[in-house]
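Written below as structure tokens is the structure these notes are about.
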Amino acid sequence: MEVVVQPSAGAAVELVAEIIGREVQAKSRPVLGLAAGRTMEAVYARLVKKYRAERLDFSHCRTFNLDEYVGLTGADKHSYRHYMNRLFFNQVNINLRNTHLPDGAAHNPAAECEGYERLIHEAGGIDLQLLGIGQSGHIGFNEPPSDASSRTRVVTLAPETIQQNAPIFRMDTMPSRAITMGVGTILSARKCLLLAIGESKADIIRRTIEGPVSANVPASALQLHSHCIIVLDETAASALSG
Ligand code: GLP
């Protein structure tokens, strides 16, 4: 893993947006793996800025998001589809038909998961997978314990994830299950790019980077990936020994 510590949150976001921008420009048909969550909001804002100010072209991109809440349709304002359309897809020149998220409202979730894996495979696999990290150590919604060989499936959210994300749902009941790419699906991407910001992520970042590879810290499986960049601000890096 290559760990890059930036002096500020803004600089960390800028670097991640730059790496994504380079990937988008370098390939004739880039396949991006995308992530939701609060940390990524600034990344999408930066990419939208690059589209507007630097004419970064997304028209040839195909995207696959990591996860979606079970039970929510894309029209639900709490769904990750809604988040992605609002913050990114509707603000740039990407073809919405080339953007994919698992369907949280699918009648047959198991078939949905299998179909999602097939779609990624048919697209030629993911070139660059963007990742955040949850305080439980999850990537996507792979809660502990999640095996490094796991594939897209339905999972039950950890109590700390529900606690972490519940404020977004305010008065509404938060879903307790999600469809997520597996850790193995994520490791199949040609490159992984994880962004963590803030002191609340410092301990889980230390365990991810310096701890043993363990299903109890699903993000630690990234140590097994041959091309993984971890971008941190100084506070997220503050518990690292090296
Ligand atoms: C969410 C997403 C993850 C994301 C993580 C971090 O629950 N499913 O893919 O990486 O939690 O979220 P945040 O950036 O809000 O801390």
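By convention in this document, the chains of the structure tokens carry letters A, B, ... by their order, each chain's residues are numbered from 1, and ligands are numbered from 1 in the order they are shown.
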> Within 9 Å of stretch 153-170 of chain A, counting only C-alpha atoms, which residues qualify if same-chain residues fewer than 3 places away don't, as a VMD selection string?
Replying inline: chain A and resid 37 70 78 109 to 110 112 to 114 134 to 136 138 141 to 144 150 173 to 182
Just write the chosen residues, N, CA and C atoms, as a JSON list (two decimals), in the first residue's frame.
[["chain", "number", "residue", "atom", "x", "y", "z"],
["A", 37, "GLY", "N", -21.04, 8.36, 1.00],
["A", 37, "GLY", "CA", -20.58, 8.76, 2.34],
["A", 37, "GLY", "C", -20.23, 10.24, 2.37],
["A", 70, "VAL", "N", -30.77, -1.71, 1.30],
["A", 70, "VAL", "CA", -31.88, -2.60, 0.92],
["A", 70, "VAL", "C", -33.19, -1.93, 1.32],
["A", 78, "HIS", "N", -32.77, 9.21, 0.53],
["A", 78, "HIS", "CA", -31.72, 8.63, 1.36],
["A", 78, "HIS", "C", -30.88, 7.58, 0.61],
["A", 109, "PRO", "N", -33.06, -10.08, -4.16],
["A", 109, "PRO", "CA", -31.74, -9.48, -3.90],
["A", 109, "PRO", "C", -30.57, -10.39, -4.27],
["A", 110, "ALA", "N", -30.73, -11.70, -4.08],
["A", 110, "ALA", "CA", -29.62, -12.61, -4.40],
["A", 110, "ALA", "C", -29.32, -12.56, -5.90],
["A", 112, "GLU", "N", -30.03, -10.07, -7.85],
["A", 112, "GLU", "CA", -29.49, -8.72, -8.09],
["A", 112, "GLU", "C", -27.96, -8.72, -7.87],
["A", 113, "CYS", "N", -27.54, -9.37, -6.79],
["A", 113, "CYS", "CA", -26.10, -9.42, -6.46],
["A", 113, "CYS", "C", -25.32, -10.16, -7.53],
["A", 114, "GLU", "N", -25.85, -11.30, -7.97],
["A", 114, "GLU", "CA", -25.18, -12.08, -9.02],
["A", 114, "GLU", "C", -25.11, -11.27, -10.31],
["A", 134, "GLY", "N", -15.44, 3.02, 7.01],
["A", 134, "GLY", "CA", -16.32, 3.22, 8.15],
["A", 134, "GLY", "C", -15.55, 2.99, 9.45],
["A", 135, "GLN", "N", -16.06, 3.52, 10.54],
["A", 135, "GLN", "CA", -15.35, 3.33, 11.82],
["A", 135, "GLN", "C", -15.31, 1.87, 12.25],
["A", 136, "SER", "N", -16.19, 1.04, 11.69],
["A", 136, "SER", "CA", -16.17, -0.40, 11.98],
["A", 136, "SER", "C", -15.05, -1.10, 11.20],
["A", 138, "HIS", "N", -15.27, -1.06, 7.84],
["A", 138, "HIS", "CA", -15.87, -1.52, 6.58],
["A", 138, "HIS", "C", -15.37, -0.71, 5.38],
["A", 141, "PHE", "N", -19.99, -1.77, 2.29],
["A", 141, "PHE", "CA", -20.68, -2.09, 3.54],
["A", 141, "PHE", "C", -20.23, -3.46, 4.05],
["A", 142, "ASN", "N", -18.98, -3.81, 3.80],
["A", 142, "ASN", "CA", -18.44, -5.08, 4.29],
["A", 142, "ASN", "C", -18.08, -4.94, 5.76],
["A", 143, "GLU", "N", -19.04, -5.32, 6.60],
["A", 143, "GLU", "CA", -18.84, -5.20, 8.04],
["A", 143, "GLU", "C", -18.00, -6.38, 8.55],
["A", 144, "PRO", "N", -17.31, -6.18, 9.68],
["A", 144, "PRO", "CA", -16.59, -7.30, 10.25],
["A", 144, "PRO", "C", -17.56, -8.36, 10.78],
["A", 150, "SER", "N", -14.96, -12.48, -0.25],
["A", 150, "SER", "CA", -16.41, -12.26, -0.37],
["A", 150, "SER", "C", -16.76, -11.49, -1.64],
["A", 173, "THR", "N", -36.73, 5.97, 9.65],
["A", 173, "THR", "CA", -36.07, 4.74, 10.09],
["A", 173, "THR", "C", -34.98, 4.39, 9.09],
["A", 174, "MET", "N", -33.83, 4.05, 9.62],
["A", 174, "MET", "CA", -32.72, 3.73, 8.75],
["A", 174, "MET", "C", -32.74, 2.24, 8.38],
["A", 175, "PRO", "N", -32.47, 1.91, 7.12],
["A", 175, "PRO", "CA", -32.40, 0.48, 6.75],
["A", 175, "PRO", "C", -31.31, -0.23, 7.55],
["A", 176, "SER", "N", -31.52, -1.49, 7.85],
["A", 176, "SER", "CA", -30.51, -2.23, 8.62],
["A", 176, "SER", "C", -29.72, -3.18, 7.73],
["A", 177, "ARG", "N", -30.09, -3.23, 6.44],
["A", 177, "ARG", "CA", -29.37, -4.11, 5.51],
["A", 177, "ARG", "C", -28.96, -3.34, 4.26],
["A", 178, "ALA", "N", -27.97, -3.89, 3.59],
["A", 178, "ALA", "CA", -27.49, -3.25, 2.35],
["A", 178, "ALA", "C", -27.01, -4.33, 1.38],
["A", 179, "ILE", "N", -26.95, -3.95, 0.10],
["A", 179, "ILE", "CA", -26.24, -4.78, -0.88],
["A", 179, "ILE", "C", -24.88, -4.13, -1.08],
["A", 180, "THR", "N", -23.83, -4.91, -0.95],
["A", 180, "THR", "CA", -22.48, -4.34, -1.14],
["A", 180, "THR", "C", -21.62, -5.24, -2.02],
["A", 181, "MET", "N", -20.77, -4.61, -2.82],
["A", 181, "MET", "CA", -19.69, -5.39, -3.44],
["A", 181, "MET", "C", -18.95, -6.08, -2.32],
["A", 182, "GLY", "N", -18.43, -7.28, -2.54],
["A", 182, "GLY", "CA", -17.65, -7.96, -1.51],
["A", 182, "GLY", "C", -16.23, -7.42, -1.45]]
> Which residues form the shell of 6 Å around ligand 1 when you count only C-alpha atoms and all ligand atoms, given as a list of chain:residue names?
Replying inline: A:Ala35, A:Ala36, A:Gly37, A:Arg38, A:Thr39, A:Leu131, A:Gly132, A:Ile133, A:Gly134, A:Ile139, A:Gly140, A:Phe141
Output file for the residues above (C-alpha atoms, as a compact mmCIF listing (two decimals), in the first residue's frame):
# COMPACT_ATOMS: atom_id res chain seq x y z
CA ALA A 35 -18.29 5.32 -3.18
CA ALA A 36 -20.84 7.28 -1.17
CA GLY A 37 -20.58 8.76 2.34
CA ARG A 38 -19.86 12.21 3.72
CA THR A 39 -16.14 12.14 2.92
CA LEU A 131 -13.16 3.83 -1.25
CA GLY A 132 -14.03 5.47 2.03
CA ILE A 133 -13.81 3.69 5.35
CA GLY A 134 -16.32 3.22 8.15
CA ILE A 139 -15.15 -0.79 2.93
CA GLY A 140 -18.36 -0.58 0.94
CA PHE A 141 -20.68 -2.09 3.54
>> Need to verify the contact set: A:Leu128, 9 Å, only C-alpha atoms, exclusion of same-chain residues closer than 2 positions in sequence. Can you return it as a list of chain:residue names?
In response: A:Ile20, A:Glu23, A:Pro30, A:Val31, A:Leu32, A:Gly33, A:Leu34, A:Ile126, A:Leu130, A:Ala189, A:Arg190, A:Lys191, A:Cys192, A:Leu193
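Counting only C-alpha atoms and comparing A:Glu68, A:Ser238, A:Gly125, A:Tyr116, the residue that lies closest to A:Gly104 is A:Glu68.
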> stretch 45-223 of chain A: which residues are helix (DSSP H, G or I) by DSSP, as a PyMOL selection string?
Replying inline: chain A and resi 45-54+80-87+89-91+96-98+109-122+159-169+183-187+199-210+218-223
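The shell of residues at most 10 Å from A:Arg81, with only C-alpha atoms counted and near chain neighbours (fewer than 3 positions) removed, consists of Ala36, Asn65, Asp67, Glu68, Tyr69, Leu72, Thr73, Gly74, Ala75, Asp76, Lys77, His78, Met84, Asn85, Arg86, Phe89, Thr99, His100, Leu101, Pro102, Asp103 and Gly104 of chain A.
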> So which bits of stretch 133-229 of chain A end up strand (DSSP E or B) when you DSSP the backbone, as a VMD selection string?
Replying inline: chain A and resid 153 to 156 177 to 180 191 to 196 214 217 228 to 229
May I have the residues from that selection written out with N, CA and C atoms, as a PDB file, in the first residue's frame?
ATOM      1  N   ARG A 153     -23.127  -9.141  -2.126  1.00  0.00           N
ATOM      2  CA  ARG A 153     -24.118  -9.877  -1.341  1.00  0.00           C
ATOM      3  C   ARG A 153     -24.911  -8.925  -0.455  1.00  0.00           C
ATOM      4  N   VAL A 154     -25.954  -9.499   0.185  1.00  0.00           N
ATOM      5  CA  VAL A 154     -26.741  -8.715   1.146  1.00  0.00           C
ATOM      6  C   VAL A 154     -26.077  -8.849   2.505  1.00  0.00           C
ATOM      7  N   VAL A 155     -25.906  -7.736   3.203  1.00  0.00           N
ATOM      8  CA  VAL A 155     -25.276  -7.754   4.530  1.00  0.00           C
ATOM      9  C   VAL A 155     -26.152  -7.010   5.541  1.00  0.00           C
ATOM     10  N   THR A 156     -25.933  -7.344   6.815  1.00  0.00           N
ATOM     11  CA  THR A 156     -26.592  -6.621   7.905  1.00  0.00           C
ATOM     12  C   THR A 156     -25.601  -5.591   8.430  1.00  0.00           C
ATOM     13  N   ARG A 177     -30.087  -3.227   6.435  1.00  0.00           N
ATOM     14  CA  ARG A 177     -29.371  -4.111   5.514  1.00  0.00           C
ATOM     15  C   ARG A 177     -28.963  -3.340   4.258  1.00  0.00           C
ATOM     16  N   ALA A 178     -27.967  -3.891   3.588  1.00  0.00           N
ATOM     17  CA  ALA A 178     -27.486  -3.253   2.350  1.00  0.00           C
ATOM     18  C   ALA A 178     -27.012  -4.326   1.382  1.00  0.00           C
ATOM     19  N   ILE A 179     -26.947  -3.953   0.102  1.00  0.00           N
ATOM     20  CA  ILE A 179     -26.238  -4.781  -0.880  1.00  0.00           C
ATOM     21  C   ILE A 179     -24.883  -4.130  -1.076  1.00  0.00           C
ATOM     22  N   THR A 180     -23.827  -4.905  -0.954  1.00  0.00           N
ATOM     23  CA  THR A 180     -22.484  -4.342  -1.137  1.00  0.00           C
ATOM     24  C   THR A 180     -21.620  -5.242  -2.019  1.00  0.00           C
ATOM     25  N   LYS A 191      -6.927  -0.927  -9.627  1.00  0.00           N
ATOM     26  CA  LYS A 191      -6.330  -0.003  -8.648  1.00  0.00           C
ATOM     27  C   LYS A 191      -7.369   0.327  -7.588  1.00  0.00           C
ATOM     28  N   CYS A 192      -6.925   0.530  -6.354  1.00  0.00           N
ATOM     29  CA  CYS A 192      -7.816   0.983  -5.279  1.00  0.00           C
ATOM     30  C   CYS A 192      -7.294   2.307  -4.730  1.00  0.00           C
ATOM     31  N   LEU A 193      -8.216   3.174  -4.369  1.00  0.00           N
ATOM     32  CA  LEU A 193      -7.867   4.510  -3.874  1.00  0.00           C
ATOM     33  C   LEU A 193      -8.778   4.809  -2.686  1.00  0.00           C
ATOM     34  N   LEU A 194      -8.183   4.770  -1.481  1.00  0.00           N
ATOM     35  CA  LEU A 194      -8.987   5.002  -0.277  1.00  0.00           C
ATOM     36  C   LEU A 194      -8.703   6.393   0.284  1.00  0.00           C
ATOM     37  N   LEU A 195      -9.757   7.095   0.631  1.00  0.00           N
ATOM     38  CA  LEU A 195      -9.627   8.431   1.229  1.00  0.00           C
ATOM     39  C   LEU A 195     -10.238   8.411   2.626  1.00  0.00           C
ATOM     40  N   ALA A 196      -9.453   8.858   3.613  1.00  0.00           N
ATOM     41  CA  ALA A 196      -9.985   9.014   4.979  1.00  0.00           C
ATOM     42  C   ALA A 196      -9.559  10.370   5.517  1.00  0.00           C
ATOM     43  N   SER A 214      -7.044  -9.072   8.540  1.00  0.00           N
ATOM     44  CA  SER A 214      -8.015  -9.824   9.321  1.00  0.00           C
ATOM     45  C   SER A 214      -9.433  -9.518   8.843  1.00  0.00           C
ATOM     46  N   VAL A 217     -11.158  -6.630  10.468  1.00  0.00           N
ATOM     47  CA  VAL A 217     -10.944  -5.272   9.945  1.00  0.00           C
ATOM     48  C   VAL A 217     -10.968  -5.414   8.413  1.00  0.00           C
ATOM     49  N   CYS A 228      -2.592  -0.164  -4.399  1.00  0.00           N
ATOM     50  CA  CYS A 228      -3.568   0.524  -3.552  1.00  0.00           C
ATOM     51  C   CYS A 228      -2.945   1.800  -2.972  1.00  0.00           C
ATOM     52  N   ILE A 229      -3.602   2.919  -3.187  1.00  0.00           N
ATOM     53  CA  ILE A 229      -3.136   4.196  -2.625  1.00  0.00           C
ATOM     54  C   ILE A 229      -4.102   4.614  -1.522  1.00  0.00           C
TER      55      ILE A 229
END
>> One number please: atom CA of A:Gly137 to atom CA of A:His82, in Å, one decimal.
In response: 24.7 Å
>> When you count only C-alpha atoms, which of these residues is closest to A:Arg207: A:Thr185, A:Ser226, A:Ser59, A:Ser241?
In response: A:Ser241
> So which residues touch A:Val231 within 9 Å, counting only C-alpha atoms, skipping near sequence neighbours fewer than 6 positions away, as a ChimeraX atom specification?
Replying inline: /A:2-6,12-13,15-16,193-197
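Checking A:Ala236, A:Ala45, A:Ala202, A:Cys61 one by one against A:Gln91, counting only C-alpha atoms, you find the shortest gap at A:Ala45.
Atom to atom, atom CA of A:Glu14 and atom CA of A:Ala237 stand 16.9 Å apart.
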>> Considering only C-alpha atoms, can you say which of A:Arg22, A:Lys201, A:Arg151, A:Arg62 comes closest to A:Val183?
In response: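 Of A:Arg22, A:Lys201, A:Arg151, A:Arg62, the one nearest A:Val183, counting only C-alpha atoms, is A:Arg151.
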> Separation of atom CA of A:Pro7 and atom CA of A:Ser200, in Å?
Replying inline: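 Separating atom CA of A:Pro7 from atom CA of A:Ser200 is a distance of 16.7 Å.
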